[in-house]
Amino acid sequence: PKIVFIEASGKEHVVEAKAGESVMFAATGNMVPGILADCGGSCTCATCHAYLDEGWVDKAAPVGEDEAAMLEGALDVRPNSRLTCQVNVTDELDGAIFRIPVSQY
Ligand code: FES
């Protein structure tokens, strides 16, 4: 499935992701800037924060308990905020758009 990342500047990156990997991994593995993922995906840093485009929110698994707790430490959290290391790529998410925040901290 393709995942679309849009930087705060508007620059778009379309990456070919593998079902089962995390959206964070799809970003970092394709050198998408702005998804820092300092903790490497263990849900302890909140620097993989991105906004899942409204139209896709229902297609991703809901925010988990650990994710919600970590998100409290992220900047400018919105109802569609996700920690991308906690979102798995699925075929349903083909074409999903994640907007990267201006800053991760
Ligand atoms: Fe650290 Fe997602 S990579 S919380």
# chains A, B, ... in the order shown; residues from 1 in each chain; ligands from 1
$ residues_near_ligand --ligand "ligand 1" --cutoff "6 Å" --atoms "only C-alpha atoms and all ligand atoms" --output "list in words"
Ala37, Asp38, Cys39, Gly40, Gly41, Ser42, Cys43, Thr44, Cys45, Ala46, Thr47, Cys48, Leu83, Thr84 and Cys85 of chain A
$ write_last_selection --atoms "C-alpha atoms" --output "mmCIF file, in the first residue's frame"
data_model
loop_
_atom_site.group_PDB
_atom_site.id
_atom_site.type_symbol
_atom_site.label_atom_id
_atom_site.label_comp_id
_atom_site.auth_asym_id
_atom_site.auth_seq_id
_atom_site.Cartn_x
_atom_site.Cartn_y
_atom_site.Cartn_z
ATOM 1 C CA ALA A 37 11.247 8.313 15.947
ATOM 2 C CA ASP A 38 13.925 8.772 18.597
ATOM 3 C CA CYS A 39 12.837 5.696 20.564
ATOM 4 C CA GLY A 40 12.837 3.451 17.519
ATOM 5 C CA GLY A 41 9.174 2.575 17.745
ATOM 6 C CA SER A 42 8.690 1.543 21.348
ATOM 7 C CA CYS A 43 6.080 4.222 22.054
ATOM 8 C CA THR A 44 8.238 6.140 24.511
ATOM 9 C CA CYS A 45 9.264 9.317 22.679
ATOM 10 C CA ALA A 46 6.327 10.865 20.777
ATOM 11 C CA THR A 47 8.664 12.176 18.054
ATOM 12 C CA CYS A 48 6.872 10.134 15.399
ATOM 13 C CA LEU A 83 2.079 8.181 16.939
ATOM 14 C CA THR A 84 3.004 6.653 13.636
ATOM 15 C CA CYS A 85 4.996 3.828 15.234
#
$ residues_around --residues "A:Gly64" --least-positions-apart "3" --cutoff "8 Å" --atoms "only C-alpha atoms" --output "PyMOL selection string"
chain A and resi 67-68+86
$ residues_around --residues "A:His13" --least-positions-apart "3" --cutoff "7 Å" --atoms "only C-alpha atoms" --output "PyMOL selection string"
chain A and resi 4-6+32
$ closest_residue --among "A:Ile3, A:Met24, A:Val14, A:Ala19" --to "A:Arg82" --atoms "only C-alpha atoms"
A:Met24
$ select_by_dssp --residues "chain A" --states "strand (DSSP E or B)" --output "ChimeraX atom specification"
/A:2-6,12-16,22,49-52,81-83,88,96-99
$ write_last_selection --atoms "N, CA and C atoms" --output "compact mmCIF listing (two decimals), in the first residue's frame"
# COMPACT_ATOMS: atom_id res chain seq x y z
N LYS A 2 0.35 2.27 -0.62
CA LYS A 2 1.06 3.56 -0.64
C LYS A 2 0.61 4.40 0.55
N ILE A 3 1.58 5.05 1.16
CA ILE A 3 1.28 5.96 2.26
C ILE A 3 1.84 7.32 1.85
N VAL A 4 1.05 8.34 2.10
CA VAL A 4 1.44 9.69 1.71
C VAL A 4 1.80 10.49 2.96
N PHE A 5 2.97 11.09 2.94
CA PHE A 5 3.38 11.97 4.04
C PHE A 5 3.48 13.38 3.49
N ILE A 6 2.92 14.33 4.20
CA ILE A 6 3.02 15.72 3.77
C ILE A 6 3.71 16.51 4.87
N GLU A 12 5.30 16.81 -0.44
CA GLU A 12 4.64 15.52 -0.35
C GLU A 12 5.60 14.37 -0.66
N HIS A 13 5.48 13.29 0.11
CA HIS A 13 6.28 12.09 -0.14
C HIS A 13 5.32 10.92 -0.24
N VAL A 14 5.33 10.22 -1.34
CA VAL A 14 4.51 9.02 -1.47
C VAL A 14 5.45 7.83 -1.37
N VAL A 15 5.20 6.97 -0.40
CA VAL A 15 6.12 5.84 -0.22
C VAL A 15 5.35 4.53 -0.39
N GLU A 16 6.06 3.53 -0.86
CA GLU A 16 5.48 2.19 -0.99
C GLU A 16 5.79 1.47 0.32
N SER A 22 5.15 -0.62 10.55
CA SER A 22 4.51 0.57 11.10
C SER A 22 4.62 1.72 10.10
N HIS A 49 5.09 11.69 15.85
CA HIS A 49 3.73 12.25 15.79
C HIS A 49 3.38 12.74 14.39
N ALA A 50 2.17 12.43 13.95
CA ALA A 50 1.66 12.98 12.70
C ALA A 50 0.13 13.03 12.77
N TYR A 51 -0.45 13.81 11.89
CA TYR A 51 -1.91 13.93 11.84
C TYR A 51 -2.43 13.07 10.69
N LEU A 52 -3.26 12.13 11.05
CA LEU A 52 -3.87 11.28 10.02
C LEU A 52 -5.04 12.05 9.42
N SER A 81 -4.46 13.19 15.85
CA SER A 81 -3.05 12.92 16.10
C SER A 81 -2.81 11.42 16.28
N ARG A 82 -1.70 10.95 15.74
CA ARG A 82 -1.27 9.56 15.95
C ARG A 82 0.23 9.53 16.19
N LEU A 83 0.65 8.49 16.91
CA LEU A 83 2.08 8.18 16.94
C LEU A 83 2.24 7.13 15.84
N ASN A 88 -0.21 0.44 12.24
CA ASN A 88 0.29 -0.55 11.29
C ASN A 88 -0.24 -0.26 9.90
N ALA A 96 -3.49 6.55 2.33
CA ALA A 96 -3.70 7.36 3.53
C ALA A 96 -2.69 8.50 3.61
N ILE A 97 -3.15 9.62 4.12
CA ILE A 97 -2.31 10.82 4.21
C ILE A 97 -1.99 11.13 5.66
N PHE A 98 -0.70 11.24 5.95
CA PHE A 98 -0.24 11.66 7.28
C PHE A 98 0.44 13.01 7.12
N ARG A 99 -0.02 13.98 7.88
CA ARG A 99 0.60 15.31 7.85
C ARG A 99 1.56 15.44 9.01
$ closest_residue --among "A:Val102, A:Met31, A:Leu93, A:Val77" --to "A:Asp58" --atoms "only C-alpha atoms"
A:Leu93
$ closest_residue --among "A:Pro1, A:Phe25, A:Glu92, A:Lys11" --to "A:Lys59" --atoms "only C-alpha atoms"
A:Glu92
$ atom_distance --atom1 "atom CA of A:Asp94" --atom2 "atom CA of A:Gly73"
28.7 Å
$ atom_distance --atom1 "atom CA of A:Gly95" --atom2 "atom CA of A:Gly29"
17.5 Å
$ select_by_dssp --residues "stretch 3-83 of chain A" --states "helix (DSSP H, G or I)" --output "MDAnalysis selection string"
chainID A and resid 23:28 54:59 65:71
$ write_last_selection --atoms "N, CA and C atoms" --output "mmCIF file, in the first residue's frame"
data_model
loop_
_atom_site.group_PDB
_atom_site.id
_atom_site.type_symbol
_atom_site.label_atom_id
_atom_site.label_comp_id
_atom_site.auth_asym_id
_atom_site.auth_seq_id
_atom_site.Cartn_x
_atom_site.Cartn_y
_atom_site.Cartn_z
ATOM 1 N N VAL A 23 3.715 2.645 10.237
ATOM 2 C CA VAL A 23 3.750 3.838 9.390
ATOM 3 C C VAL A 23 5.049 4.604 9.657
ATOM 4 N N MET A 24 5.506 4.600 10.905
ATOM 5 C CA MET A 24 6.780 5.247 11.245
ATOM 6 C C MET A 24 7.910 4.634 10.434
ATOM 7 N N PHE A 25 7.950 3.294 10.388
ATOM 8 C CA PHE A 25 9.016 2.606 9.667
ATOM 9 C C PHE A 25 8.958 2.943 8.179
ATOM 10 N N ALA A 26 7.751 3.033 7.652
ATOM 11 C CA ALA A 26 7.589 3.395 6.233
ATOM 12 C C ALA A 26 8.171 4.787 5.983
ATOM 13 N N ALA A 27 8.030 5.679 6.954
ATOM 14 C CA ALA A 27 8.555 7.038 6.796
ATOM 15 C C ALA A 27 10.073 7.056 6.929
ATOM 16 N N THR A 28 10.580 6.494 8.019
ATOM 17 C CA THR A 28 12.024 6.581 8.251
ATOM 18 C C THR A 28 12.782 5.745 7.214
ATOM 19 N N GLU A 54 -8.319 13.390 8.099
ATOM 20 C CA GLU A 54 -9.656 13.069 8.638
ATOM 21 C C GLU A 54 -10.339 11.896 7.922
ATOM 22 N N GLY A 55 -10.234 11.857 6.617
ATOM 23 C CA GLY A 55 -10.930 10.828 5.860
ATOM 24 C C GLY A 55 -10.418 9.417 6.124
ATOM 25 N N TRP A 56 -9.293 9.308 6.796
ATOM 26 C CA TRP A 56 -8.665 8.002 6.996
ATOM 27 C C TRP A 56 -8.715 7.521 8.437
ATOM 28 N N VAL A 57 -9.169 8.393 9.303
ATOM 29 C CA VAL A 57 -9.116 8.086 10.737
ATOM 30 C C VAL A 57 -9.797 6.752 11.061
ATOM 31 N N ASP A 58 -10.950 6.511 10.472
ATOM 32 C CA ASP A 58 -11.699 5.285 10.769
ATOM 33 C C ASP A 58 -11.084 4.033 10.155
ATOM 34 N N LYS A 59 -10.167 4.204 9.227
ATOM 35 C CA LYS A 59 -9.568 3.041 8.557
ATOM 36 C C LYS A 59 -8.359 2.500 9.325
ATOM 37 N N GLU A 65 -3.921 2.596 24.442
ATOM 38 C CA GLU A 65 -3.754 3.232 25.753
ATOM 39 C C GLU A 65 -2.359 3.868 25.906
ATOM 40 N N ASP A 66 -1.327 3.101 25.549
ATOM 41 C CA ASP A 66 0.045 3.609 25.661
ATOM 42 C C ASP A 66 0.250 4.788 24.724
ATOM 43 N N GLU A 67 -0.323 4.666 23.550
ATOM 44 C CA GLU A 67 -0.192 5.730 22.551
ATOM 45 C C GLU A 67 -0.846 7.013 23.075
ATOM 46 N N ALA A 68 -2.022 6.885 23.631
ATOM 47 C CA ALA A 68 -2.737 8.054 24.164
ATOM 48 C C ALA A 68 -1.914 8.713 25.270
ATOM 49 N N ALA A 69 -1.311 7.895 26.129
ATOM 50 C CA ALA A 69 -0.524 8.431 27.238
ATOM 51 C C ALA A 69 0.692 9.181 26.711
ATOM 52 N N MET A 70 1.374 8.608 25.723
ATOM 53 C CA MET A 70 2.569 9.255 25.157
ATOM 54 C C MET A 70 2.197 10.508 24.380
ATOM 55 N N LEU A 71 1.063 10.471 23.723
ATOM 56 C CA LEU A 71 0.634 11.618 22.908
ATOM 57 C C LEU A 71 0.463 12.877 23.764
#
$ closest_residue --among "A:Asp91, A:Asp76, A:Leu36, A:Asp53" --to "A:Gly20" --atoms "only C-alpha atoms"
A:Asp91
$ atom_distance --atom1 "atom CA of A:Ile100" --atom2 "atom CA of A:Glu7"
5.0 Å
$ closest_residue --among "A:Ala17, A:Val87, A:Leu75, A:Ala60" --to "A:Ser103" --atoms "only C-alpha atoms"
A:Leu75
